[in-house]
Amino acid sequence: MLQKPRNRGRSSGHAERVRDASQGGDPGALQAGGDSRAPRDCVAEEAPSTSRGPGGSQGARGSSPQGARRSLASPTVGPRTQKQLELKVSELVQFLLIKDQKKIPIKRADILKHVVGDYKDIFPDLLKLAAERLQYVFGYKLVELEPKSNTYILINTLEPVEEDAEVRGDQGTPTTGLLMIVLGLIFMKGNTIKETEVWDFLRRLGVYPTKKHLVFGDPKKLITEDFVRQRYLEYRRIPHTDPVDYEFQWGPRTNLETSKMKVLKFVAKVHNQDPKDWPAQYCEALADEENRARSQPSGPAPSS
Amino acid sequence: MGAPRSRSPRPKGRRVRLAAVPASAVRAALGRLARSHMQGSARRTGIMTDVHRRFLQLLMTHGVLEERDVKRMQKHCYKVHDRNATIDKLEDFINNINSVLESLYIEIKRGVTEDDGRPIYALVNLATTSVSKMAMDFAENELDLFRKALELIIDSESGFASSTNILNLVDQLKGKKMKKKEAEQVLQKFVQNKWLIEKEGEFTLHGRAILEMEQYIREMYPDAAKICNICHSLLIQGQSCETCGIRMHLPCVAKYFRSNAEPRCPHCNDYWPHELPEVFDPEKEREPGISKSNKKSLRSRRH
């Protein structure tokens, strides 16, 4: 009844599936992307695959039976039917969607290991197809976090809307608020800020590094670990300081998901003022907007 | 019918067999695939707009959603992107999206909660017959715990497995060793993520899990898995005939016996001995109706 499970990639036995499952963290609140920009850098920076044969040393087993509508038979290394390819792309799309929900950048190695498997030789094409599907069907852009980093995130090309939260039935993650505050702090202070200064500020809001917070839980862990792991923040030790101090900067995900202008507007709103009230930051934000516009070849003017 | 409607993917028109082995031939097939996606999406499959995309994103966030919330969400998406358009009928709206999703072997599936017949929607995987969505989210031992709970639920008479019985299996789990305390938390995680429902210390499958895994369960446990006599879908909770043993979902019972003063088993014609649940009425914002599964009341024929 069930086809014989094969190694990774598509297998029908659930036992196989289990082995493929990556070590889970907390599934976390299922969250559709945050604030979004849509830079044009595309996924297809992958080096084209070498023209070896469809790799692997397994003997050809014959493709899956045509009538099979359900799980895929052993992914043959030889001839691959259209359907097998479609299924592989589908798996890849779902993998990326689910992984991105945790907001942790997806490593290429994980993708290869858990999804692509035998299809490694056509990985760049698979990824490109998956990216196209993600964009067209779901409105997510697959983006490499930093050039050559081999890690990916999904950027929501749909602008988040306040009412989304109501319809979602929760407030999204409340931690986003804290993140925005920290991002704002960093930007207003000249793009880098010492950890001690961050806590000086947050203390005034009733958020302490050492005290459990009703909404944020463990703020210190959030800011110095979770946001850093999600690549919203960079956290570096400042050399030769005594006592040891660290500094924060924006991480690569922040630059992809939001912008200086957006953060400035947020800060202005919090203070009930106008972004232009901070001329230096406003100029910087404007310059950043122009840079983004320039790097988008035929894109629409960035919505500021 | 209050039955979950299942759709298996219609095979695509073209079945390209790749004769050659070199990567170039595979590339060619991929090219065709890409083109077919593009053409397909414009031609005979539906069109995705931002309205549909936002809808999909929100549905994915929830995992599973009740019909009235789905309708609200649909309205919201129209409001955001296309204020002046007439809102499609929900069924057409979803069919449109599903025709685009077809090439990805996933679909928005409509089902019905087993306890009180409320219609629900979830995005389900059509291709894999395994706990794939969960597999990407949970560790090996957590998945095995779910599988153990699943087996207990399927084997049980009531469709529920007690927390104690599940936790007693903790030593048999694959993967990293798990203590009972940790297992309790993992079970709660399953509840939070809507894979399991907990009632008074017992666990059963959430509607979402049934939607997602019905195919898998019927294949993996063909003998133990129960089927509803009316809708022929997988049955976890329901009522059964004391004489001949056939089973029916509570919402199926409600509909089948709706205007019947003397409910009789459709199979053996013996009196149906259980309390009849009410048919779910979306108009009435009401508490879940009388739905004690397998409540064996003596020949009570109250509606």
# chains A, B, ... in the order shown; residues from 1 in each chain; ligands from 1
$ select_by_dssp --residues "stretch 51-219 of chain B" --states "helix (DSSP H, G or I)" --output "ChimeraX atom specification"
/B:51-62,67-81,90-104,132-135,140-155,163-167,170-172,180-192,207-219
$ residues_around --residues "A:Gly217" --least-positions-apart "5" --cutoff "12 Å" --atoms "only C-alpha atoms" --output "PyMOL selection string"
chain A and resi 174-175+178+207-212+222-223+226
$ closest_residue --among "B:Asn168, B:Asn193, B:Gln237, B:Thr204" --to "B:Ile153" --atoms "only C-alpha atoms"
B:Thr204
$ closest_residue --among "B:Ala254, B:Glu262, B:Thr86, B:Phe138" --to "B:Val186" --atoms "only C-alpha atoms"
B:Phe138
$ atom_distance --atom1 "atom CA of B:Phe146" --atom2 "atom CA of B:Leu101"
28.0 Å
$ residues_around --residues "A:Thr224" --least-positions-apart "2" --cutoff "10 Å" --atoms "only C-alpha atoms" --output "list of chain:residue names"
A:Glu195, A:Pro209, A:Pro219, A:Lys220, A:Lys221, A:Leu222, A:Asp226, A:Phe227, A:Val228, A:Arg229, A:Leu233, A:Glu234, A:Tyr235, A:Arg236, A:Tyr246, A:Phe248
$ residues_around --residues "A:Gly139" --least-positions-apart "4" --cutoff "7 Å" --atoms "only C-alpha atoms" --output "list in words"
Leu134, Gln135, Asn156, Thr157 and Leu158 of chain A; Arg53 of chain B
